[in-house]
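Enquirer: Next comes the structure file start_14.cif, holding mmCIF, C-alpha atoms, pLDDT in the B column; chains and numbers go by the auth columns.
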data_work
loop_
_atom_site.group_PDB
_atom_site.id
_atom_site.type_symbol
_atom_site.label_atom_id
_atom_site.label_comp_id
_atom_site.label_asym_id
_atom_site.label_seq_id
_atom_site.Cartn_x
_atom_site.Cartn_y
_atom_site.Cartn_z
_atom_site.B_iso_or_equiv
_atom_site.auth_seq_id
_atom_site.auth_asym_id
ATOM 1 C CA ASP A 1 3.095 3.469 -13.411 66.00 1 I
ATOM 2 C CA ALA A 2 1.094 1.627 -10.795 64.00 2 I
ATOM 3 C CA MET A 3 1.973 -2.015 -10.862 92.00 3 I
ATOM 4 C CA VAL A 4 2.513 -5.367 -9.208 95.00 4 I
ATOM 5 C CA ILE A 5 6.160 -6.311 -8.716 95.00 5 I
ATOM 6 C CA GLN A 6 7.548 -9.740 -7.905 96.00 6 I
ATOM 7 C CA ASN A 7 11.062 -10.524 -6.730 93.00 7 I
ATOM 8 C CA PRO A 8 13.056 -12.398 -7.641 94.00 8 I
ATOM 9 C CA ARG A 9 11.935 -13.276 -11.164 94.00 9 I
ATOM 10 C CA TYR A 10 13.849 -16.555 -10.996 96.00 10 I
ATOM 11 C CA GLN A 11 14.653 -18.462 -7.828 97.00 11 I
ATOM 12 C CA VAL A 12 16.629 -21.669 -7.466 97.00 12 I
ATOM 13 C CA THR A 13 16.512 -23.469 -4.137 95.00 13 I
ATOM 14 C CA GLN A 14 17.604 -26.829 -2.838 96.00 14 I
ATOM 15 C CA PHE A 15 15.269 -29.579 -1.792 96.00 15 I
ATOM 16 C CA GLY A 16 14.137 -28.843 1.765 96.00 16 I
ATOM 17 C CA LYS A 17 15.727 -25.373 1.971 97.00 17 I
ATOM 18 C CA PRO A 18 13.213 -22.673 2.961 96.00 18 I
ATOM 19 C CA VAL A 19 12.530 -20.005 0.379 97.00 19 I
ATOM 20 C CA THR A 20 10.604 -16.727 0.375 97.00 20 I
ATOM 21 C CA LEU A 21 9.053 -15.040 -2.624 97.00 21 I
ATOM 22 C CA SER A 22 8.126 -11.377 -2.538 97.00 22 I
ATOM 23 C CA CYS A 23 5.286 -9.347 -4.029 97.00 23 I
ATOM 24 C CA SER A 24 4.712 -5.626 -3.789 97.00 24 I
ATOM 25 C CA GLN A 25 2.093 -3.347 -5.283 96.00 25 I
ATOM 26 C CA THR A 26 1.668 0.352 -5.870 94.00 26 I
ATOM 27 C CA LEU A 27 -2.046 0.060 -6.675 91.00 27 I
ATOM 28 C CA ASN A 28 -3.168 0.327 -3.042 90.00 28 I
ATOM 29 C CA HIS A 29 -5.510 -2.627 -3.529 91.00 29 I
ATOM 30 C CA ASN A 30 -7.126 -4.325 -0.551 90.00 30 I
ATOM 31 C CA VAL A 31 -6.850 -7.882 -1.813 92.00 31 I
ATOM 32 C CA MET A 32 -3.681 -9.782 -2.666 95.00 32 I
ATOM 33 C CA TYR A 33 -3.542 -13.310 -4.058 95.00 33 I
ATOM 34 C CA TRP A 34 -0.927 -16.011 -4.575 97.00 34 I
ATOM 35 C CA TYR A 35 -1.356 -18.524 -7.397 96.00 35 I
ATOM 36 C CA GLN A 36 0.761 -21.538 -8.307 97.00 36 I
ATOM 37 C CA GLN A 37 1.045 -22.470 -11.968 96.00 37 I
ATOM 38 C CA LYS A 38 2.775 -25.677 -13.000 95.00 38 I
ATOM 39 C CA SER A 39 3.821 -26.307 -16.563 90.00 39 I
ATOM 40 C CA SER A 40 0.862 -26.367 -18.977 87.00 40 I
ATOM 41 C CA GLN A 41 -1.571 -26.166 -16.064 92.00 41 I
ATOM 42 C CA ALA A 42 -4.130 -23.610 -14.961 94.00 42 I
ATOM 43 C CA PRO A 43 -3.056 -21.175 -12.254 94.00 43 I
ATOM 44 C CA LYS A 44 -4.259 -22.504 -8.907 94.00 44 I
ATOM 45 C CA LEU A 45 -5.141 -20.181 -6.042 93.00 45 I
ATOM 46 C CA LEU A 46 -3.105 -20.937 -2.910 96.00 46 I
ATOM 47 C CA PHE A 47 -4.416 -18.198 -0.591 93.00 47 I
ATOM 48 C CA HIS A 48 -5.377 -14.566 -0.482 93.00 48 I
ATOM 49 C CA TYR A 49 -5.502 -11.638 1.885 94.00 49 I
ATOM 50 C CA TYR A 50 -8.407 -9.291 2.218 90.00 50 I
ATOM 51 C CA ASP A 51 -6.642 -6.446 4.018 90.00 51 I
ATOM 52 C CA LYS A 52 -5.009 -8.377 6.880 92.00 52 I
ATOM 53 C CA ASP A 53 -7.502 -11.237 6.859 91.00 53 I
ATOM 54 C CA PHE A 54 -5.824 -14.400 5.605 93.00 54 I
ATOM 55 C CA ASN A 55 -7.848 -16.910 3.558 91.00 55 I
ATOM 56 C CA ASN A 56 -6.288 -20.280 2.853 91.00 56 I
ATOM 57 C CA GLU A 57 -7.609 -22.582 0.150 90.00 57 I
ATOM 58 C CA ALA A 58 -8.628 -25.955 1.564 88.00 58 I
ATOM 59 C CA ASP A 59 -6.155 -27.933 -0.513 91.00 59 I
ATOM 60 C CA THR A 60 -3.122 -25.672 -0.078 95.00 60 I
ATOM 61 C CA PRO A 61 -0.362 -27.741 1.573 94.00 61 I
ATOM 62 C CA ASP A 62 0.788 -26.717 5.059 94.00 62 I
ATOM 63 C CA ASN A 63 4.250 -26.287 3.572 95.00 63 I
ATOM 64 C CA PHE A 64 3.051 -22.991 2.088 97.00 64 I
ATOM 65 C CA GLN A 65 2.667 -19.948 4.316 96.00 65 I
ATOM 66 C CA SER A 66 2.108 -16.268 3.665 96.00 66 I
ATOM 67 C CA ARG A 67 2.662 -12.950 5.381 96.00 67 I
ATOM 68 C CA ARG A 68 1.278 -9.494 4.634 96.00 68 I
ATOM 69 C CA PRO A 69 3.024 -6.953 6.865 96.00 69 I
ATOM 70 C CA ASN A 70 1.330 -3.968 5.227 94.00 70 I
ATOM 71 C CA THR A 71 -0.934 -3.060 2.300 93.00 71 I
ATOM 72 C CA SER A 72 1.919 -2.955 -0.196 95.00 72 I
ATOM 73 C CA PHE A 73 3.789 -6.177 0.509 97.00 73 I
ATOM 74 C CA CYS A 74 2.933 -9.852 0.588 97.00 74 I
ATOM 75 C CA PHE A 75 5.301 -12.808 0.969 97.00 75 I
ATOM 76 C CA LEU A 76 5.029 -16.467 0.098 97.00 76 I
ATOM 77 C CA ASP A 77 7.109 -18.778 2.294 97.00 77 I
ATOM 78 C CA ILE A 78 7.759 -22.364 1.323 97.00 78 I
ATOM 79 C CA ARG A 79 9.083 -24.052 4.436 96.00 79 I
ATOM 80 C CA SER A 80 10.532 -27.227 2.925 96.00 80 I
ATOM 81 C CA PRO A 81 10.376 -27.166 -0.859 96.00 81 I
ATOM 82 C CA GLY A 82 9.976 -30.436 -2.655 96.00 82 I
ATOM 83 C CA LEU A 83 10.601 -31.197 -6.297 95.00 83 I
ATOM 84 C CA GLY A 84 6.855 -30.982 -6.880 95.00 84 I
ATOM 85 C CA ASP A 85 6.829 -27.345 -5.782 97.00 85 I
ATOM 86 C CA ALA A 86 8.762 -26.247 -8.846 97.00 86 I
ATOM 87 C CA ALA A 87 6.384 -23.888 -10.615 97.00 87 I
ATOM 88 C CA MET A 88 5.618 -20.319 -11.581 96.00 88 I
ATOM 89 C CA TYR A 89 4.265 -18.367 -8.626 97.00 89 I
ATOM 90 C CA LEU A 90 1.969 -15.511 -9.539 97.00 90 I
ATOM 91 C CA CYS A 91 0.932 -12.641 -7.316 97.00 91 I
ATOM 92 C CA ALA A 92 -2.185 -10.630 -8.085 95.00 92 I
ATOM 93 C CA THR A 93 -4.148 -7.783 -6.555 93.00 93 I
ATOM 94 C CA SER A 94 -7.678 -6.473 -6.817 90.00 94 I
ATOM 95 C CA PRO A 95 -9.584 -3.596 -5.319 84.00 95 I
ATOM 96 C CA ARG A 96 -12.547 -4.221 -3.084 73.00 96 I
ATOM 97 C CA ASP A 97 -14.380 -1.022 -3.731 65.00 97 I
ATOM 98 C CA ARG A 98 -14.618 -1.070 -7.511 60.00 98 I
ATOM 99 C CA ALA A 99 -17.463 -2.935 -9.091 62.00 99 I
ATOM 100 C CA SER A 100 -15.398 -4.993 -11.497 65.00 100 I
ATOM 101 C CA TYR A 101 -12.935 -6.637 -9.023 75.00 101 I
ATOM 102 C CA GLU A 102 -10.516 -6.970 -11.905 83.00 102 I
ATOM 103 C CA GLN A 103 -7.309 -8.772 -10.969 88.00 103 I
ATOM 104 C CA TYR A 104 -3.886 -7.377 -11.846 91.00 104 I
ATOM 105 C CA PHE A 105 -0.979 -9.786 -12.040 93.00 105 I
ATOM 106 C CA GLY A 106 2.741 -9.451 -11.512 94.00 106 I
ATOM 107 C CA PRO A 107 5.318 -10.992 -13.860 93.00 107 I
ATOM 108 C CA GLY A 108 5.688 -14.113 -11.725 95.00 108 I
ATOM 109 C CA THR A 109 8.576 -15.875 -10.011 97.00 109 I
ATOM 110 C CA ARG A 110 9.848 -19.074 -11.596 96.00 110 I
ATOM 111 C CA LEU A 111 10.926 -21.449 -8.805 97.00 111 I
ATOM 112 C CA THR A 112 13.323 -24.300 -9.515 97.00 112 I
ATOM 113 C CA VAL A 113 14.005 -26.936 -6.850 97.00 113 I
ATOM 114 C CA THR A 114 17.205 -28.932 -7.184 95.00 114 I
ATOM 115 C CA LYS B 1 -16.902 -26.710 -7.398 86.00 1 V
ATOM 116 C CA GLN B 2 -16.407 -24.478 -10.407 91.00 2 V
ATOM 117 C CA GLU B 3 -14.610 -26.047 -13.370 94.00 3 V
ATOM 118 C CA VAL B 4 -13.410 -24.093 -16.398 96.00 4 V
ATOM 119 C CA THR B 5 -12.631 -25.761 -19.713 97.00 5 V
ATOM 120 C CA GLN B 6 -10.979 -24.195 -22.723 97.00 6 V
ATOM 121 C CA ILE B 7 -11.187 -25.603 -26.219 93.00 7 V
ATOM 122 C CA PRO B 8 -9.096 -26.070 -28.253 93.00 8 V
ATOM 123 C CA ALA B 9 -5.978 -26.675 -26.166 94.00 9 V
ATOM 124 C CA ALA B 10 -3.830 -25.484 -29.062 96.00 10 V
ATOM 125 C CA LEU B 11 -4.511 -23.667 -32.293 96.00 11 V
ATOM 126 C CA SER B 12 -2.282 -22.825 -35.245 97.00 12 V
ATOM 127 C CA VAL B 13 -3.442 -20.355 -37.887 96.00 13 V
ATOM 128 C CA PRO B 14 -1.881 -18.312 -40.677 97.00 14 V
ATOM 129 C CA GLU B 15 -1.561 -14.586 -40.238 97.00 15 V
ATOM 130 C CA GLY B 16 -4.678 -12.622 -41.086 97.00 16 V
ATOM 131 C CA GLU B 17 -7.239 -15.213 -40.036 96.00 17 V
ATOM 132 C CA ASN B 18 -10.096 -14.427 -37.708 97.00 18 V
ATOM 133 C CA LEU B 19 -10.354 -16.944 -34.886 96.00 19 V
ATOM 134 C CA VAL B 20 -12.472 -17.898 -31.898 96.00 20 V
ATOM 135 C CA LEU B 21 -11.327 -19.306 -28.587 97.00 21 V
ATOM 136 C CA ASN B 22 -13.868 -21.030 -26.373 97.00 22 V
ATOM 137 C CA CYS B 23 -14.301 -21.134 -22.626 97.00 23 V
ATOM 138 C CA SER B 24 -16.979 -23.015 -20.691 97.00 24 V
ATOM 139 C CA PHE B 25 -17.728 -23.102 -16.968 96.00 25 V
ATOM 140 C CA THR B 26 -19.907 -25.411 -14.912 96.00 26 V
ATOM 141 C CA ASP B 27 -21.427 -23.002 -12.356 91.00 27 V
ATOM 142 C CA SER B 28 -23.292 -20.049 -13.835 89.00 28 V
ATOM 143 C CA ALA B 29 -23.307 -18.164 -10.515 87.00 29 V
ATOM 144 C CA ILE B 30 -20.423 -15.950 -11.523 86.00 30 V
ATOM 145 C CA TYR B 31 -19.662 -12.301 -10.838 84.00 31 V
ATOM 146 C CA ASN B 32 -17.261 -11.744 -13.705 88.00 32 V
ATOM 147 C CA LEU B 33 -15.116 -13.412 -16.347 92.00 33 V
ATOM 148 C CA GLN B 34 -11.639 -12.315 -17.331 93.00 34 V
ATOM 149 C CA TRP B 35 -9.577 -13.198 -20.388 97.00 35 V
ATOM 150 C CA PHE B 36 -5.799 -13.123 -19.996 96.00 36 V
ATOM 151 C CA ARG B 37 -2.817 -13.487 -22.247 96.00 37 V
ATOM 152 C CA GLN B 38 0.335 -15.297 -21.088 95.00 38 V
ATOM 153 C CA ASP B 39 3.585 -15.226 -23.037 94.00 39 V
ATOM 154 C CA PRO B 40 6.015 -18.125 -22.441 90.00 40 V
ATOM 155 C CA GLY B 41 7.586 -17.929 -18.989 85.00 41 V
ATOM 156 C CA LYS B 42 5.787 -14.697 -18.162 88.00 42 V
ATOM 157 C CA GLY B 43 2.953 -13.478 -15.964 90.00 43 V
ATOM 158 C CA LEU B 44 -0.639 -12.792 -16.971 93.00 44 V
ATOM 159 C CA THR B 45 -1.824 -9.726 -18.866 93.00 45 V
ATOM 160 C CA SER B 46 -5.503 -8.893 -18.543 92.00 46 V
ATOM 161 C CA LEU B 47 -7.176 -8.497 -21.918 96.00 47 V
ATOM 162 C CA LEU B 48 -10.872 -8.111 -21.202 95.00 48 V
ATOM 163 C CA LEU B 49 -13.161 -8.329 -18.229 91.00 49 V
ATOM 164 C CA ILE B 50 -16.894 -8.988 -18.566 91.00 50 V
ATOM 165 C CA GLN B 51 -19.191 -8.531 -15.631 88.00 51 V
ATOM 166 C CA SER B 52 -22.047 -11.013 -15.315 86.00 52 V
ATOM 167 C CA SER B 53 -24.598 -8.356 -16.292 88.00 53 V
ATOM 168 C CA GLN B 54 -22.777 -7.691 -19.572 90.00 54 V
ATOM 169 C CA ARG B 55 -22.942 -9.619 -22.818 93.00 55 V
ATOM 170 C CA GLU B 56 -19.677 -8.571 -24.420 94.00 56 V
ATOM 171 C CA GLN B 57 -16.606 -6.384 -24.243 95.00 57 V
ATOM 172 C CA THR B 58 -14.344 -5.126 -27.017 96.00 58 V
ATOM 173 C CA SER B 59 -10.775 -3.903 -27.089 95.00 59 V
ATOM 174 C CA GLY B 60 -9.171 -3.262 -30.451 96.00 60 V
ATOM 175 C CA ARG B 61 -9.169 -6.498 -32.445 97.00 61 V
ATOM 176 C CA LEU B 62 -10.475 -8.488 -29.465 97.00 62 V
ATOM 177 C CA ASN B 63 -14.096 -9.152 -28.655 97.00 63 V
ATOM 178 C CA ALA B 64 -15.251 -11.295 -25.745 97.00 64 V
ATOM 179 C CA SER B 65 -18.807 -12.478 -25.289 97.00 65 V
ATOM 180 C CA LEU B 66 -20.503 -14.038 -22.299 96.00 66 V
ATOM 181 C CA ASP B 67 -23.569 -16.275 -22.151 95.00 67 V
ATOM 182 C CA LYS B 68 -23.894 -16.886 -18.448 91.00 68 V
ATOM 183 C CA SER B 69 -26.978 -19.102 -18.678 91.00 69 V
ATOM 184 C CA SER B 70 -25.214 -21.605 -20.921 94.00 70 V
ATOM 185 C CA GLY B 71 -21.873 -21.262 -19.123 95.00 71 V
ATOM 186 C CA ARG B 72 -19.923 -20.105 -22.144 96.00 72 V
ATOM 187 C CA SER B 73 -17.628 -17.335 -23.250 97.00 73 V
ATOM 188 C CA THR B 74 -15.801 -16.771 -26.499 97.00 74 V
ATOM 189 C CA LEU B 75 -12.807 -14.627 -27.353 97.00 75 V
ATOM 190 C CA TYR B 76 -12.811 -13.461 -30.958 97.00 76 V
ATOM 191 C CA ILE B 77 -9.526 -12.242 -32.430 97.00 77 V
ATOM 192 C CA ALA B 78 -9.803 -10.418 -35.734 97.00 78 V
ATOM 193 C CA ALA B 79 -7.068 -10.312 -38.359 97.00 79 V
ATOM 194 C CA SER B 80 -4.592 -12.331 -36.313 97.00 80 V
ATOM 195 C CA GLN B 81 -0.907 -11.339 -36.259 97.00 81 V
ATOM 196 C CA PRO B 82 2.253 -13.246 -35.300 97.00 82 V
ATOM 197 C CA GLY B 83 2.464 -11.035 -32.214 96.00 83 V
ATOM 198 C CA ASP B 84 -0.802 -12.582 -31.007 97.00 84 V
ATOM 199 C CA SER B 85 1.008 -15.885 -30.449 97.00 85 V
ATOM 200 C CA ALA B 86 0.616 -16.700 -26.756 97.00 86 V
ATOM 201 C CA THR B 87 -1.504 -18.752 -24.383 97.00 87 V
ATOM 202 C CA TYR B 88 -4.956 -17.315 -23.704 98.00 88 V
ATOM 203 C CA LEU B 89 -6.583 -18.102 -20.368 97.00 89 V
ATOM 204 C CA CYS B 90 -10.084 -17.457 -19.192 97.00 90 V
ATOM 205 C CA ALA B 91 -11.025 -17.226 -15.541 95.00 91 V
ATOM 206 C CA VAL B 92 -14.308 -16.802 -13.680 93.00 92 V
ATOM 207 C CA GLY B 93 -14.987 -15.103 -10.382 88.00 93 V
ATOM 208 C CA PRO B 94 -17.810 -16.250 -8.084 83.00 94 V
ATOM 209 C CA LEU B 95 -20.749 -14.342 -6.704 77.00 95 V
ATOM 210 C CA GLY B 96 -20.980 -13.282 -3.136 68.00 96 V
ATOM 211 C CA SER B 97 -17.472 -12.811 -1.819 64.00 97 V
ATOM 212 C CA GLY B 98 -17.269 -9.028 -2.216 61.00 98 V
ATOM 213 C CA TYR B 99 -14.171 -9.527 -4.320 66.00 99 V
ATOM 214 C CA SER B 100 -13.103 -12.126 -6.829 71.00 100 V
ATOM 215 C CA THR B 101 -11.172 -15.358 -6.349 82.00 101 V
ATOM 216 C CA LEU B 102 -10.655 -16.635 -9.868 89.00 102 V
ATOM 217 C CA THR B 103 -10.919 -20.170 -11.204 92.00 103 V
ATOM 218 C CA PHE B 104 -8.844 -20.597 -14.352 95.00 104 V
ATOM 219 C CA GLY B 105 -8.961 -22.815 -17.387 96.00 105 V
ATOM 220 C CA LYS B 106 -5.758 -24.410 -18.683 95.00 106 V
ATOM 221 C CA GLY B 107 -5.653 -22.073 -21.640 96.00 107 V
ATOM 222 C CA THR B 108 -5.477 -22.218 -25.418 97.00 108 V
ATOM 223 C CA MET B 109 -1.987 -22.006 -26.914 97.00 109 V
ATOM 224 C CA LEU B 110 -2.216 -19.911 -30.082 97.00 110 V
ATOM 225 C CA LEU B 111 0.424 -19.846 -32.797 97.00 111 V
ATOM 226 C CA VAL B 112 0.007 -17.374 -35.645 97.00 112 V
ATOM 227 C CA SER B 113 2.422 -18.022 -38.471 97.00 113 V
ATOM 228 C CA PRO B 114 3.581 -15.298 -40.893 94.00 114 V
#
Translate the structure of the given file into structure tokens.
Expert:
Amino acid sequence: DAMVIQNPRYQVTQFGKPVTLSCSQTLNHNVMYWYQQKSSQAPKLLFHYYDKDFNNEADTPDNFQSRRPNTSFCFLDIRSPGLGDAAMYLCATSPRDRASYEQYFGPGTRLTVT
Amino acid sequence: KQEVTQIPAALSVPEGENLVLNCSFTDSAIYNLQWFRQDPGKGLTSLLLIQSSQREQTSGRLNASLDKSSGRSTLYIAASQPGDSATYLCAVGPLGSGYSTLTFGKGTMLLVSP
């Protein structure tokens, strides 16, 4: 089945130790998104890629970076995680060419910072 | 800036009840609205998507309506079951981008008791 896959599902990192989260998709969608969701909060868009064009949200901290080496893969890099970065990180995709622009989400990566 | 509000924040009902979840948004210039389900510690599952030109969408026991002019959407769940227990999130996508960057509400946590 076509899907959005996130690895790992659970990640524990130390304060200040760089960490990378991975997202891959078999849907061949043009657009990929990264959201951060803290406990009992709404998912918040960090950035998205339209093909290789990177779009950063204005309030996304510089500590967060992203890479999209090809259509299928997208990475979220947190350069120096702080305790406040502990959250669920959600990857999503959507097609550009279909009228609905429906977003499809992966299962998320739960990040713990110790 | 778009803001999405969901009321109530939590809802507890006995099995078999019909129920309505509410979503309101401040900017009516939307392209689409999506309802999602989120189980504890998990990613988002898309339930229904309504494009701005549509008034409602149905899937099984779920019916979502959209009144764009008043900035409101409702999710109606018929004959609720314990398996419906989850957090329900609504999200709106803006006009004009050619794809959809979603703004989410915080969700309604639903508990259906046997």
Enquirer: Neighbouring residues of Asn55 (chain I) were defined as those with any atom within 12 Å, considering all atoms listed in the file; residues of the same chain fewer than 4 positions away were excluded. Please report them as a tab-separated table (two decimals) with C-alpha atoms, in the coordinates of the input.
Expert:
chain	number	residue	atom	x	y	z
I	31	VAL	CA	-6.85	-7.88	-1.81
I	32	MET	CA	-3.68	-9.78	-2.67
I	33	TYR	CA	-3.54	-13.31	-4.06
I	34	TRP	CA	-0.93	-16.01	-4.58
I	45	LEU	CA	-5.14	-20.18	-6.04
I	46	LEU	CA	-3.10	-20.94	-2.91
I	47	PHE	CA	-4.42	-18.20	-0.59
I	48	HIS	CA	-5.38	-14.57	-0.48
I	49	TYR	CA	-5.50	-11.64	1.88
I	50	TYR	CA	-8.41	-9.29	2.22
I	51	ASP	CA	-6.64	-6.45	4.02
I	59	ASP	CA	-6.16	-27.93	-0.51
I	60	THR	CA	-3.12	-25.67	-0.08
I	65	GLN	CA	2.67	-19.95	4.32
I	66	SER	CA	2.11	-16.27	3.66
I	67	ARG	CA	2.66	-12.95	5.38
I	68	ARG	CA	1.28	-9.49	4.63
V	97	SER	CA	-17.47	-12.81	-1.82
V	101	THR	CA	-11.17	-15.36	-6.35
Enquirer: Applied to the shown file, which residues does the PyMOL selection byres ((chain I) within 9 of (chain V)) return, written as a PyMOL selection string?
Expert: chain I and resi 31+33+40-45+48+50+88-91+94-97+99-110
Enquirer: With distances taken over only C-alpha atoms, which residue among V:Ser12, V:Ser113, V:Asn18, V:Ser24 lies nearest Tyr76 (chain V)?
Expert: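 Closest to Tyr76 (chain V), using only C-alpha atoms: V:Asn18.
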Enquirer: Rank I:Pro61, I:His29, I:Ser72, I:Pro18 by their smallest atom-to-atom distance to Gln6 (chain I), using all atoms listed in the file, and report the top residue only.
Expert: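 The answer is I:Ser72, which sits nearest to Gln6 (chain I).
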Enquirer: Applying 8 Å and only C-alpha atoms, which residues near Thr112 (chain I) remain after dropping the ones on its own chain fewer than 4 positions away? List them as JSON, numbers by chain.
Expert: {"I": [10, 11, 12, 13, 86, 87]}
Enquirer: Show which residues sit within 6 Å of Asn22 (chain V), as a PyMOL selection string. Count all atoms listed in the file, and ignore same-chain residues fewer than 3 positions away.
Expert: chain V and resi 6-7+74
Enquirer: Those same residues, written as a compact mmCIF listing (two decimals), in the coordinates of the input with C-alpha atoms?
Expert:
# COMPACT_ATOMS: atom_id res chain seq x y z
CA GLN V 6 -10.98 -24.20 -22.72
CA ILE V 7 -11.19 -25.60 -26.22
CA THR V 74 -15.80 -16.77 -26.50
Enquirer: By how many Å are CA of Pro8 (chain I) and CA of Leu111 (chain I) apart?
Expert: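 Between CA of Pro8 (chain I) and CA of Leu111 (chain I) the gap works out to 9.4 Å.
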Enquirer: Have a look at I:Tyr35, I:Thr20, I:Gln14, I:Thr71 and name the one nearest to Ala92 (chain I); count all atoms listed in the file.
Expert: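 Nearest to Ala92 (chain I): I:Tyr35.
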Enquirer: Record the distance separating CA of Ser85 (chain V) and CA of Val112 (chain V), expressed in Å with one decimal.
Expert: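 Going from CA of Ser85 (chain V) over to CA of Val112 (chain V), I get 5.5 Å.
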Enquirer: Report, in Å with one decimal, the straight-line distance from CA of Glu3 (chain V) to CA of Ser65 (chain V).
Expert: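 Separation of CA of Glu3 (chain V) and CA of Ser65 (chain V): 18.5 Å.
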Enquirer: Step by step, gather every atom of region 44-50 of chain V that the file lists, find the box along x, y and z that holds them, add 4 Å on each side, and finally give centre and edge lengths in Å to one decimal, as JSON.
Expert:
{"center_x": -8.8, "center_y": -10.5, "center_z": -19.4, "size_x": 24.3, "size_y": 12.7, "size_z": 12.9}
Enquirer: Show me as number ranges by chain the residues that reach within 10 Å of (-5.0, -13.0, -39.9), counting only C-alpha atoms and using the file's own coordinates.
Expert: V: 13-19, 77-82, 84, 112-114
Enquirer: Restricting it to C-alpha atoms, dump the selection as a PDB file, keeping the file's coordinate frame.
Expert:
ATOM      1  CA  VAL V  13      -3.442 -20.355 -37.887  1.00 96.00           C
ATOM      2  CA  PRO V  14      -1.881 -18.312 -40.677  1.00 97.00           C
ATOM      3  CA  GLU V  15      -1.561 -14.586 -40.238  1.00 97.00           C
ATOM      4  CA  GLY V  16      -4.678 -12.622 -41.086  1.00 97.00           C
ATOM      5  CA  GLU V  17      -7.239 -15.213 -40.036  1.00 96.00           C
ATOM      6  CA  ASN V  18     -10.096 -14.427 -37.708  1.00 97.00           C
ATOM      7  CA  LEU V  19     -10.354 -16.944 -34.886  1.00 96.00           C
ATOM      8  CA  ILE V  77      -9.526 -12.242 -32.430  1.00 97.00           C
ATOM      9  CA  ALA V  78      -9.803 -10.418 -35.734  1.00 97.00           C
ATOM     10  CA  ALA V  79      -7.068 -10.312 -38.359  1.00 97.00           C
ATOM     11  CA  SER V  80      -4.592 -12.331 -36.313  1.00 97.00           C
ATOM     12  CA  GLN V  81      -0.907 -11.339 -36.259  1.00 97.00           C
ATOM     13  CA  PRO V  82       2.253 -13.246 -35.300  1.00 97.00           C
ATOM     14  CA  ASP V  84      -0.802 -12.582 -31.007  1.00 97.00           C
ATOM     15  CA  VAL V 112       0.007 -17.374 -35.645  1.00 97.00           C
ATOM     16  CA  SER V 113       2.422 -18.022 -38.471  1.00 97.00           C
ATOM     17  CA  PRO V 114       3.581 -15.298 -40.893  1.00 94.00           C
TER      18      PRO V 114
END
Enquirer: Give me the residues near Met3 (chain I) as an MDAnalysis selection string, where near means some atom within 7 Å (using all atoms listed in the file) and where sequence neighbours in that chain fewer than 5 positions away do not count.
Expert: chainID I and resid 25:27
Enquirer: Once the PyMOL selection byres ((chain I and resi 83) around 8) has been applied to the shown file, what residues remain in the selection, as a compact mmCIF listing (two decimals) with C-alpha atoms, in the coordinates of the input?
Expert:
# COMPACT_ATOMS: atom_id res chain seq x y z
CA PHE I 15 15.27 -29.58 -1.79
CA PRO I 81 10.38 -27.17 -0.86
CA GLY I 82 9.98 -30.44 -2.66
CA GLY I 84 6.86 -30.98 -6.88
CA ASP I 85 6.83 -27.34 -5.78
CA ALA I 86 8.76 -26.25 -8.85
CA VAL I 113 14.00 -26.94 -6.85
CA THR I 114 17.20 -28.93 -7.18
